[in-house]
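Structure file coords00.csv with CSV, C-alpha atoms:
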```csv
chain,number,residue,atom,x,y,z
C,1,MET,CA,306.2,298.5,120.4
C,2,LYS,CA,308.8,296.6,118.6
C,3,ASN,CA,309.4,296.9,114.9
C,4,LYS,CA,306.1,296.1,113.1
C,5,ASN,CA,308.0,294.3,110.4
C,6,TYR,CA,308.4,291.4,112.9
C,7,LEU,CA,304.7,291.4,113.9
C,8,TYR,CA,301.5,290.0,112.4
C,9,THR,CA,298.1,291.6,112.6
C,10,THR,CA,295.2,289.3,113.7
C,11,GLY,CA,294.2,288.7,110.1
C,12,GLN,CA,297.8,287.9,109.0
C,13,PHE,CA,298.3,285.6,112.0
C,14,ALA,CA,295.0,283.9,111.2
C,15,LYS,CA,296.2,283.1,107.7
C,16,LEU,CA,299.6,282.0,108.9
C,17,THR,CA,298.2,279.5,111.4
C,18,GLY,CA,294.9,278.5,109.8
C,19,ILE,CA,292.9,279.7,112.8
C,20,ASN,CA,290.1,282.1,112.1
C,21,LYS,CA,290.1,285.6,113.6
C,22,ARG,CA,287.0,284.9,115.7
C,23,THR,CA,288.7,282.0,117.4
C,24,LEU,CA,291.8,284.1,118.1
C,25,HIS,CA,289.7,286.8,119.7
C,26,TYR,CA,287.9,284.2,121.8
C,27,TYR,CA,291.2,282.7,123.0
C,28,ASP,CA,292.3,286.2,124.0
C,29,GLU,CA,289.1,286.9,125.9
C,30,ILE,CA,289.3,283.8,128.0
C,31,GLY,CA,293.0,284.2,128.7
C,32,LEU,CA,294.1,281.1,126.8
C,33,PHE,CA,296.2,282.7,124.1
C,34,SER,CA,296.7,286.4,123.7
C,35,PRO,CA,298.6,288.6,121.2
C,36,ALA,CA,302.1,289.7,122.2
C,37,PHE,CA,301.1,293.4,121.8
C,38,LYS,CA,297.9,295.4,122.0
C,39,GLU,CA,297.6,299.0,121.1
C,40,GLU,CA,295.3,301.5,122.7
C,41,ASN,CA,293.2,301.6,119.6
C,42,GLY,CA,292.5,297.9,120.0
C,43,TYR,CA,294.8,296.6,117.3
C,44,ARG,CA,296.4,293.3,118.2
C,45,TYR,CA,299.8,292.0,117.1
C,46,TYR,CA,301.3,288.5,117.2
C,47,THR,CA,304.9,287.4,116.8
C,48,CYS,CA,306.1,284.6,114.7
C,49,PHE,CA,307.3,282.8,117.9
C,50,GLN,CA,303.8,282.5,119.1
C,51,THR,CA,302.9,280.0,116.4
C,52,VAL,CA,304.7,277.4,118.5
C,53,GLN,CA,302.6,278.2,121.5
C,54,LEU,CA,299.4,278.1,119.5
C,55,GLU,CA,300.3,274.7,117.9
C,56,MET,CA,300.9,273.3,121.4
C,57,ILE,CA,297.5,274.6,122.5
C,58,ILE,CA,295.9,272.9,119.5
C,59,ALA,CA,297.7,269.7,120.2
C,60,PHE,CA,296.5,269.8,123.8
C,61,ARG,CA,293.0,270.3,122.7
C,62,LYS,CA,293.2,267.4,120.3
C,63,ILE,CA,294.3,265.0,123.0
C,64,GLY,CA,291.4,266.0,125.2
C,65,LEU,CA,292.7,268.7,127.5
C,66,SER,CA,290.1,271.2,128.6
C,67,ILE,CA,290.7,274.9,128.2
C,68,GLU,CA,290.9,275.2,132.0
C,69,GLU,CA,293.6,272.5,132.2
C,70,ILE,CA,295.7,274.2,129.5
C,71,ILE,CA,295.4,277.6,131.2
C,72,ARG,CA,296.4,276.0,134.5
C,73,TYR,CA,299.4,274.4,132.9
C,74,GLN,CA,300.5,277.6,131.1
C,75,LYS,CA,300.5,279.5,134.5
C,76,ASN,CA,303.0,277.0,136.0
C,77,PRO,CA,304.8,275.2,133.1
C,78,SER,CA,307.7,272.9,134.0
C,79,ASP,CA,309.4,269.8,132.6
C,80,ASP,CA,307.9,267.6,135.2
C,81,SER,CA,304.3,268.9,134.8
C,82,PHE,CA,304.6,268.6,131.0
C,83,SER,CA,305.9,265.0,131.2
C,84,ASP,CA,303.2,264.0,133.6
C,85,LEU,CA,300.5,265.6,131.4
C,86,ILE,CA,301.8,263.9,128.2
C,87,SER,CA,302.2,260.5,129.9
C,88,GLU,CA,298.6,260.5,131.1
C,89,LYS,CA,297.2,261.7,127.8
C,90,LYS,CA,299.4,259.3,125.8
C,91,ALA,CA,297.7,256.4,127.5
C,92,VAL,CA,294.4,257.8,126.6
C,93,ILE,CA,295.5,258.2,123.0
C,94,ASP,CA,296.8,254.7,122.8
C,95,GLN,CA,293.5,253.4,124.1
C,96,SER,CA,291.6,255.5,121.5
C,97,ILE,CA,293.8,254.2,118.7
C,98,GLN,CA,293.1,250.6,119.8
C,99,GLU,CA,289.4,251.3,119.9
C,100,LEU,CA,289.5,252.8,116.4
C,101,LEU,CA,291.5,249.7,115.1
C,102,ASN,CA,288.9,247.4,116.7
C,103,THR,CA,286.1,249.4,115.0
C,104,LYS,CA,288.0,249.2,111.7
C,105,SER,CA,288.4,245.4,112.1
C,106,PHE,CA,284.7,245.0,113.0
C,107,LEU,CA,283.6,247.0,109.9
C,108,GLU,CA,286.0,245.1,107.6
C,109,LYS,CA,284.6,241.8,108.8
C,110,LYS,CA,281.0,243.0,108.3
C,111,SER,CA,281.9,244.2,104.8
C,112,GLU,CA,283.5,240.9,103.9
C,113,LYS,CA,280.4,239.0,105.0
C,114,LEU,CA,278.1,241.3,103.2
C,115,SER,CA,280.2,240.8,100.0
C,116,LEU,CA,279.8,237.1,100.4
C,117,SER,CA,276.1,237.4,100.9
C,118,LEU,CA,275.7,239.2,97.6
C,119,THR,CA,276.9,236.1,95.7
C,120,ALA,CA,275.2,233.6,98.0
C,121,GLU,CA,272.8,231.1,96.3
C,122,HIS,CA,270.6,228.8,98.4
C,123,GLY,CA,272.0,225.3,98.4
C,124,LYS,CA,274.9,226.1,96.2
C,125,ILE,CA,278.0,224.1,97.2
C,126,GLU,CA,281.7,225.0,96.6
C,127,ALA,CA,285.0,223.7,97.9
C,128,VAL,CA,287.2,226.4,99.6
C,129,THR,CA,290.7,226.3,101.0
C,130,LEU,CA,290.9,228.0,104.4
C,131,PRO,CA,293.9,228.8,106.7
C,132,GLU,CA,294.1,227.7,110.3
C,133,GLN,CA,291.9,229.9,112.4
C,134,LYS,CA,291.6,230.5,116.1
C,135,ILE,CA,288.2,229.6,117.6
C,136,LEU,CA,286.5,230.6,120.8
C,137,LEU,CA,283.8,228.3,122.2
C,138,SER,CA,280.9,228.9,124.5
C,139,ALA,CA,279.5,226.5,127.1
C,140,PRO,CA,277.6,223.5,125.6
C,141,ILE,CA,274.1,224.2,124.1
C,142,THR,CA,271.2,221.9,123.2
C,143,GLY,CA,270.3,223.6,119.9
C,144,ALA,CA,266.8,224.2,121.1
C,145,TYR,CA,267.6,227.9,121.5
C,146,ASP,CA,265.5,227.9,124.6
C,147,ASP,CA,266.2,230.0,127.8
C,148,ASP,CA,269.2,227.9,128.7
C,149,ASP,CA,270.8,228.4,125.3
C,150,PHE,CA,270.1,232.1,125.3
C,151,ALA,CA,271.7,232.4,128.7
C,152,VAL,CA,274.8,230.7,127.3
C,153,ALA,CA,274.7,233.1,124.3
C,154,ALA,CA,274.5,236.1,126.7
C,155,ASP,CA,277.5,234.9,128.7
C,156,PHE,CA,279.5,234.2,125.5
C,157,SER,CA,278.7,237.6,124.1
C,158,LEU,CA,280.0,239.3,127.3
C,159,ARG,CA,283.2,237.2,127.1
C,160,LEU,CA,283.8,238.3,123.5
C,161,LYS,CA,283.2,241.9,124.3
C,162,SER,CA,285.4,241.8,127.3
C,163,ALA,CA,288.2,240.2,125.3
C,164,PHE,CA,288.0,242.1,122.0
C,165,GLY,CA,285.7,245.1,122.6
C,166,LEU,CA,283.5,245.7,119.6
C,167,TYR,CA,282.9,242.2,118.1
C,168,ASP,CA,281.2,240.7,115.1
C,169,ASN,CA,278.3,238.3,115.7
C,170,PHE,CA,279.0,234.6,116.6
C,171,GLY,CA,277.7,231.4,115.1
C,172,SER,CA,276.8,227.8,116.0
C,173,ARG,CA,278.6,224.6,115.3
C,174,ILE,CA,277.4,221.0,115.0
C,175,LEU,CA,279.4,217.7,114.7
C,176,SER,CA,279.6,216.5,111.1
C,177,GLU,CA,278.7,213.0,112.5
C,178,ASN,CA,275.3,214.4,113.6
C,179,ILE,CA,274.8,215.8,110.1
C,180,LEU,CA,275.6,212.5,108.4
C,181,GLN,CA,273.1,210.7,110.8
C,182,GLY,CA,270.4,213.2,110.0
C,183,ASP,CA,270.4,214.8,113.4
C,184,HIS,CA,270.6,218.4,112.3
C,185,SER,CA,269.4,220.0,115.6
C,186,ASN,CA,271.9,218.6,118.1
C,187,TYR,CA,274.3,221.5,118.2
C,188,ASP,CA,277.6,221.5,120.1
C,189,CYS,CA,278.1,225.1,121.2
C,190,PHE,CA,278.4,228.7,119.9
C,191,PHE,CA,281.7,229.7,118.3
C,192,ALA,CA,283.5,232.9,117.3
C,193,TYR,CA,286.7,233.6,115.4
C,194,GLY,CA,289.7,234.7,117.4
C,195,ARG,CA,292.1,237.5,116.3
C,196,GLN,CA,295.5,236.8,114.8
C,197,ASP,CA,297.1,239.5,116.9
C,198,MET,CA,295.8,238.1,120.2
C,199,GLU,CA,296.5,234.7,121.9
C,200,ILE,CA,292.9,234.3,123.0
C,201,TYR,CA,291.3,231.2,121.8
C,202,ASP,CA,290.0,227.8,122.9
C,203,THR,CA,290.8,225.6,119.9
C,204,LEU,CA,292.0,225.8,116.3
C,205,MET,CA,290.0,225.3,113.2
C,206,PRO,CA,292.5,223.4,111.1
C,207,ALA,CA,293.7,224.6,107.7
C,208,GLY,CA,292.5,222.6,104.8
C,209,THR,CA,289.6,222.0,102.3
C,210,TYR,CA,286.1,222.8,103.4
C,211,LEU,CA,282.7,222.6,101.7
C,212,ARG,CA,280.8,225.8,101.8
C,213,THR,CA,277.1,226.3,101.2
C,214,PHE,CA,274.3,228.8,102.0
C,215,CYS,CA,270.8,228.7,103.4
C,216,ILE,CA,268.6,231.6,102.6
C,217,GLY,CA,265.5,232.1,104.7
C,218,GLU,CA,264.1,230.5,107.8
C,219,TRP,CA,266.4,228.2,109.8
C,220,GLU,CA,263.9,225.3,109.1
C,221,ARG,CA,265.4,225.2,105.6
C,222,LEU,CA,268.8,224.2,107.1
C,223,GLU,CA,267.8,220.5,107.2
C,224,ASP,CA,267.3,220.4,103.4
C,225,VAL,CA,270.6,222.2,102.8
C,226,TYR,CA,272.4,219.6,105.0
C,227,ARG,CA,270.8,216.7,103.1
C,228,THR,CA,271.9,218.3,99.9
C,229,LEU,CA,275.4,218.7,101.3
C,230,CYS,CA,275.7,215.1,102.4
C,231,ALA,CA,274.5,213.9,99.0
C,232,TYR,CA,277.1,216.1,97.3
C,233,ALA,CA,279.9,214.7,99.4
C,234,GLU,CA,278.8,211.2,98.7
C,235,ARG,CA,278.7,211.8,94.9
C,236,ASN,CA,282.1,213.3,94.9
C,237,CYS,CA,283.7,210.6,97.2
C,238,LEU,CA,284.2,213.1,100.0
C,239,GLU,CA,284.2,212.5,103.7
C,240,LEU,CA,282.8,215.2,106.0
C,241,TYR,CA,284.8,215.5,109.3
C,242,GLY,CA,285.1,217.8,112.3
C,243,TYR,CA,282.4,220.3,112.7
C,244,ALA,CA,280.0,222.3,110.5
C,245,TYR,CA,280.2,226.0,111.3
C,246,GLU,CA,277.1,228.1,110.8
C,247,GLU,CA,277.3,231.9,110.7
C,248,GLY,CA,274.9,234.7,109.6
C,249,LEU,CA,276.1,237.0,106.9
C,250,ASN,CA,273.7,239.8,106.5
C,251,GLU,CA,272.3,240.8,109.9
C,252,MET,CA,273.2,244.4,109.4
C,253,ALA,CA,271.4,244.6,106.0
C,254,LEU,CA,268.4,242.3,106.8
C,255,LYS,CA,265.0,243.3,105.5
C,256,GLY,CA,263.1,240.3,106.7
C,257,GLN,CA,263.6,236.7,108.0
C,258,ASP,CA,263.1,235.4,104.5
C,259,ASP,CA,266.3,237.3,103.4
C,260,TYR,CA,268.5,235.9,106.2
C,261,ILE,CA,271.6,234.1,104.9
C,262,THR,CA,273.3,231.4,106.9
C,263,MET,CA,276.8,230.3,105.6
C,264,ILE,CA,277.7,226.7,106.4
C,265,THR,CA,281.4,225.6,106.4
C,266,VAL,CA,282.4,222.0,107.0
C,267,GLY,CA,285.7,220.2,106.7
C,268,CYS,CA,286.0,217.5,104.0
C,269,LYS,CA,288.6,215.1,102.6
C,270,LYS,CA,288.8,212.5,99.9
C,271,LYS,CA,287.5,209.1,101.0
C,272,ALA,CA,290.1,206.3,101.2
C,273,ASP,CA,289.9,203.9,98.3
C,274,PRO,CA,288.7,200.5,99.8
C,275,TYR,CA,290.5,198.6,97.0
C,276,SER,CA,293.9,200.3,97.5
C,277,LEU,CA,296.7,198.4,99.0
C,278,PRO,CA,297.5,199.1,102.7
```
Could you render the structure from this file as structure tokens?
Amino acid sequence: MKNKNYLYTTGQFAKLTGINKRTLHYYDEIGLFSPAFKEENGYRYYTCFQTVQLEMIIAFRKIGLSIEEIIRYQKNPSDDSFSDLISEKKAVIDQSIQELLNTKSFLEKKSEKLSLSLTAEHGKIEAVTLPEQKILLSAPITGAYDDDDFAVAADFSLRLKSAFGLYDNFGSRILSENILQGDHSNYDCFFAYGRQDMEIYDTLMPAGTYLRTFCIGEWERLEDVYRTLCAYAERNCLELYGYAYEEGLNEMALKGQDDYITMITVGCKKKADPYSLP
């Protein structure tokens, strides 16, 4: 045996690498990673150079290689086989990272909506300034939420999942002209927000001032909320334009239908003064 001053016992090597002794013994038994020297009395000794080999094994395990794949590579290591192995697993890692980022984005959006729901008051109206947002649209719907509308919803959901993976819920939109005429059930289509990092969208929700209000409870209460919204706009000399966007805020924390919160966002602008000079 070489000078013991350059060797580590199993316990010492375990402390050095942060891998417990039982794992080191197991790796030795299956032929994955063995000590450099073994004495007849059973004592095992590792060298400091073996830490690099062990770190590589740990890295291989973290990127999803099986023990059999690692053993097979160790029996025939080469630059080409290493490059092929890393290239293949790098693609898997990149995909996993993207999936985690999508999940993070999904949870952040849910958290933002739940935060909004905590301050929501039925019928309360406020003016908000919003940036331009990418919008995806479904096929037309009737607003009756019958079998035809649910078929459109299913197709739209599949499109969103195909484009973005894990995706937040989508809402409905209705022309502001329909709201002003008291036709609160003639919806245009389903909509969903696009992502800023992806050029996937059907239209743009323009930047500007919007009125925002909330309906708490059954959807039948939406009609009264829209009447209140129109009255508010009239009193404040505001003109509703474009579309009203309806979206649920608290599906993931819903206790009952009476607690459901619908957020309504509709574009507005100051009415032109009829007495002003052209």
Please list as a CSV table (one decimal) with C-alpha atoms, in the coordinates of the input every residue within 12 Å of region 69-75 of chain C, counting all atoms listed in the file and excluding residues in the same chain fewer than 3 positions away.
```csv
chain,number,residue,atom,x,y,z
C,27,TYR,CA,291.2,282.7,123.0
C,28,ASP,CA,292.3,286.2,124.0
C,30,ILE,CA,289.3,283.8,128.0
C,31,GLY,CA,293.0,284.2,128.7
C,32,LEU,CA,294.1,281.1,126.8
C,33,PHE,CA,296.2,282.7,124.1
C,34,SER,CA,296.7,286.4,123.7
C,53,GLN,CA,302.6,278.2,121.5
C,54,LEU,CA,299.4,278.1,119.5
C,56,MET,CA,300.9,273.3,121.4
C,57,ILE,CA,297.5,274.6,122.5
C,58,ILE,CA,295.9,272.9,119.5
C,59,ALA,CA,297.7,269.7,120.2
C,60,PHE,CA,296.5,269.8,123.8
C,61,ARG,CA,293.0,270.3,122.7
C,62,LYS,CA,293.2,267.4,120.3
C,63,ILE,CA,294.3,265.0,123.0
C,64,GLY,CA,291.4,266.0,125.2
C,65,LEU,CA,292.7,268.7,127.5
C,66,SER,CA,290.1,271.2,128.6
C,78,SER,CA,307.7,272.9,134.0
C,79,ASP,CA,309.4,269.8,132.6
C,80,ASP,CA,307.9,267.6,135.2
C,81,SER,CA,304.3,268.9,134.8
C,82,PHE,CA,304.6,268.6,131.0
C,83,SER,CA,305.9,265.0,131.2
C,84,ASP,CA,303.2,264.0,133.6
C,85,LEU,CA,300.5,265.6,131.4
C,86,ILE,CA,301.8,263.9,128.2
```
Which of C:Leu136, C:Leu175, C:Ala153, C:Leu158 sits closest to Ile200 (chain C) [using all atoms listed in the file]: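 The answer is C:Leu136, which sits nearest to Ile200 (chain C).
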Distance query Thr17 (chain C) at most 9 Å, all atoms listed in the file, self and fewer than 4 positions along chain excluded, as a list in words: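 My list of contacting residues is Gln12, Phe13, Thr51, Leu54 and Glu55 of chain C.
One distance worth recording is that between CA of Ile174 (chain C) and CA of Tyr245 (chain C), which is 6.8 Å.
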Select, from C:Ala272, C:His122, C:Lys38, C:Ala253, the residue with the minimum atom-to-atom distance to Leu222 (chain C), counting only C-alpha atoms.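 Using only C-alpha atoms, the shortest distance to Leu222 (chain C) belongs to C:His122.
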List the spatial neighbours of Ala127 (chain C) as number ranges by chain - criterion: any atom at most 10 Å away, all atoms listed in the file, same-chain residues fewer than 3 positions off excluded. C: 130, 209-213, 265-268
Can you pull out the residues contacting region 179-192 of chain C? Cut-off 7 Å, using only C-alpha atoms, and skip same-chain residues under 4 positions away; I want them as a PyMOL selection string. chain C and resi 135-143+170-175+223+226+230
Coordinates-based distance that separates CA of Phe214 (chain C) from CA of Ser115 (chain C) (Å, one decimal): 13.5 Å
Kindly give the distance, in Å, that separates CA of Val52 (chain C) and CA of Asp94 (chain C), rounded to a single decimal. 24.4 Å
Determine the nearest neighbour of Trp219 (chain C) from the options C:Asn20, C:Thr262, C:Gln95, C:Thr10, counting only C-alpha atoms. C:Thr262
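For Gln98 (chain C), the list of residues within 12 Å, based on only C-alpha atoms and with local chain neighbours fewer than 6 positions off taken out, reads C:Ala91, C:Val92, C:Lys104, C:Ser105, C:Phe164, C:Gly165, C:Leu166.
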Proximity to Val128 (chain C) - best of C:Ala207, C:Ala36, C:Leu229, C:Ala154, only C-alpha atoms: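 Distance minimum relative to Val128 (chain C) lands on C:Ala207.
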Smallest atom-to-atom distance to Asn178 (chain C): which of C:Val225, C:Leu116, C:Leu160, C:Leu240, using only C-alpha atoms?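 Result for the nearest residue to Asn178 (chain C): C:Leu240.
Nearest to Ile125 (chain C) of all the residues C:Asn250, C:Asn41, C:Asn236, C:Thr9 is C:Asn236, based on all atoms listed in the file.
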Where atoms are absent from region 65-76 of chain C, fill them in so it carries all heavy atoms, then output it as an mmCIF file, in the frame of the given file.
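Output below, filename result-v7.cif:
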```cif
data_model
loop_
_atom_site.group_PDB
_atom_site.id
_atom_site.type_symbol
_atom_site.label_atom_id
_atom_site.label_comp_id
_atom_site.auth_asym_id
_atom_site.auth_seq_id
_atom_site.Cartn_x
_atom_site.Cartn_y
_atom_site.Cartn_z
ATOM 1 N N LEU C 65 292.550 267.751 126.406
ATOM 2 C CA LEU C 65 292.700 268.700 127.500
ATOM 3 C C LEU C 65 291.608 269.748 127.444
ATOM 4 O O LEU C 65 291.321 270.268 126.352
ATOM 5 C CB LEU C 65 294.048 269.312 127.581
ATOM 6 C CG LEU C 65 295.086 268.631 128.487
ATOM 7 C CD1 LEU C 65 295.478 267.275 127.916
ATOM 8 C CD2 LEU C 65 296.308 269.518 128.666
ATOM 9 N N SER C 66 291.043 270.078 128.588
ATOM 10 C CA SER C 66 290.100 271.200 128.600
ATOM 11 C C SER C 66 290.813 272.510 128.572
ATOM 12 O O SER C 66 292.027 272.581 128.832
ATOM 13 C CB SER C 66 289.231 271.099 129.895
ATOM 14 O OG SER C 66 290.032 271.373 131.030
ATOM 15 N N ILE C 67 290.094 273.561 128.263
ATOM 16 C CA ILE C 67 290.700 274.900 128.200
ATOM 17 C C ILE C 67 291.228 275.253 129.631
ATOM 18 O O ILE C 67 292.321 275.825 129.765
ATOM 19 C CB ILE C 67 289.659 275.934 127.771
ATOM 20 C CG1 ILE C 67 289.402 275.751 126.268
ATOM 21 C CG2 ILE C 67 290.141 277.367 128.058
ATOM 22 C CD1 ILE C 67 288.313 276.627 125.707
ATOM 23 N N GLU C 68 290.485 274.892 130.678
ATOM 24 C CA GLU C 68 290.900 275.200 132.000
ATOM 25 C C GLU C 68 292.235 274.470 132.360
ATOM 26 O O GLU C 68 293.124 275.052 133.007
ATOM 27 C CB GLU C 68 289.832 274.747 133.032
ATOM 28 C CG GLU C 68 288.566 275.576 133.005
ATOM 29 C CD GLU C 68 287.687 275.268 131.791
ATOM 30 O OE1 GLU C 68 287.905 274.206 131.142
ATOM 31 O OE2 GLU C 68 286.801 276.091 131.491
ATOM 32 N N GLU C 69 292.380 273.205 131.907
ATOM 33 C CA GLU C 69 293.600 272.500 132.200
ATOM 34 C C GLU C 69 294.801 273.114 131.445
ATOM 35 O O GLU C 69 295.907 273.182 131.998
ATOM 36 C CB GLU C 69 293.463 271.016 131.696
ATOM 37 C CG GLU C 69 292.573 270.156 132.579
ATOM 38 C CD GLU C 69 292.371 268.772 132.021
ATOM 39 O OE1 GLU C 69 292.070 268.647 130.816
ATOM 40 O OE2 GLU C 69 292.498 267.798 132.793
ATOM 41 N N ILE C 70 294.578 273.589 130.236
ATOM 42 C CA ILE C 70 295.700 274.200 129.500
ATOM 43 C C ILE C 70 296.078 275.529 130.133
ATOM 44 O O ILE C 70 297.273 275.832 130.277
ATOM 45 C CB ILE C 70 295.236 274.464 128.013
ATOM 46 C CG1 ILE C 70 294.915 273.131 127.325
ATOM 47 C CG2 ILE C 70 296.354 275.178 127.245
ATOM 48 C CD1 ILE C 70 294.321 273.283 125.943
ATOM 49 N N ILE C 71 295.100 276.338 130.541
ATOM 50 C CA ILE C 71 295.400 277.600 131.200
ATOM 51 C C ILE C 71 296.182 277.356 132.492
ATOM 52 O O ILE C 71 297.166 278.039 132.803
ATOM 53 C CB ILE C 71 294.118 278.402 131.486
ATOM 54 C CG1 ILE C 71 293.480 278.860 130.167
ATOM 55 C CG2 ILE C 71 294.410 279.602 132.384
ATOM 56 C CD1 ILE C 71 292.136 279.545 130.344
ATOM 57 N N ARG C 72 295.749 276.329 133.229
ATOM 58 C CA ARG C 72 296.400 276.000 134.500
ATOM 59 C C ARG C 72 297.857 275.580 134.253
ATOM 60 O O ARG C 72 298.765 275.970 135.000
ATOM 61 C CB ARG C 72 295.633 274.903 135.206
ATOM 62 C CG ARG C 72 296.103 274.653 136.623
ATOM 63 C CD ARG C 72 295.056 273.903 137.447
ATOM 64 N NE ARG C 72 294.631 272.666 136.829
ATOM 65 C CZ ARG C 72 293.394 272.470 136.346
ATOM 66 N NH1 ARG C 72 292.486 273.446 136.399
ATOM 67 N NH2 ARG C 72 293.061 271.313 135.810
ATOM 68 N N TYR C 73 298.081 274.802 133.193
ATOM 69 C CA TYR C 73 299.400 274.400 132.900
ATOM 70 C C TYR C 73 300.289 275.582 132.442
ATOM 71 O O TYR C 73 301.456 275.713 132.846
ATOM 72 C CB TYR C 73 299.445 273.334 131.755
ATOM 73 C CG TYR C 73 300.819 273.110 131.173
ATOM 74 C CD1 TYR C 73 301.771 272.367 131.861
ATOM 75 C CD2 TYR C 73 301.175 273.677 129.948
ATOM 76 C CE1 TYR C 73 303.038 272.189 131.341
ATOM 77 C CE2 TYR C 73 302.437 273.495 129.420
ATOM 78 C CZ TYR C 73 303.375 272.751 130.122
ATOM 79 O OH TYR C 73 304.637 272.584 129.616
ATOM 80 N N GLN C 74 299.723 276.481 131.630
ATOM 81 C CA GLN C 74 300.500 277.600 131.100
ATOM 82 C C GLN C 74 300.903 278.572 132.244
ATOM 83 O O GLN C 74 301.924 279.260 132.129
ATOM 84 C CB GLN C 74 299.650 278.396 130.084
ATOM 85 C CG GLN C 74 299.488 277.632 128.783
ATOM 86 C CD GLN C 74 298.746 278.420 127.723
ATOM 87 O OE1 GLN C 74 299.116 278.422 126.552
ATOM 88 N NE2 GLN C 74 297.695 279.112 128.123
ATOM 89 N N LYS C 75 300.144 278.590 133.336
ATOM 90 C CA LYS C 75 300.500 279.500 134.500
ATOM 91 C C LYS C 75 301.688 278.917 135.243
ATOM 92 O O LYS C 75 302.442 279.681 135.851
ATOM 93 C CB LYS C 75 299.296 279.629 135.395
ATOM 94 C CG LYS C 75 298.194 280.496 134.818
ATOM 95 C CD LYS C 75 297.025 280.608 135.790
ATOM 96 C CE LYS C 75 295.937 281.519 135.229
ATOM 97 N NZ LYS C 75 294.771 281.611 136.144
ATOM 98 N N ASN C 76 301.850 277.582 135.223
ATOM 99 C CA ASN C 76 303.000 277.000 136.000
ATOM 100 C C ASN C 76 303.626 275.875 135.113
ATOM 101 O O ASN C 76 303.607 274.689 135.475
ATOM 102 C CB ASN C 76 302.445 276.351 137.276
ATOM 103 C CG ASN C 76 301.912 277.389 138.227
ATOM 104 O OD1 ASN C 76 302.660 278.175 138.804
ATOM 105 N ND2 ASN C 76 300.591 277.396 138.395
#
```
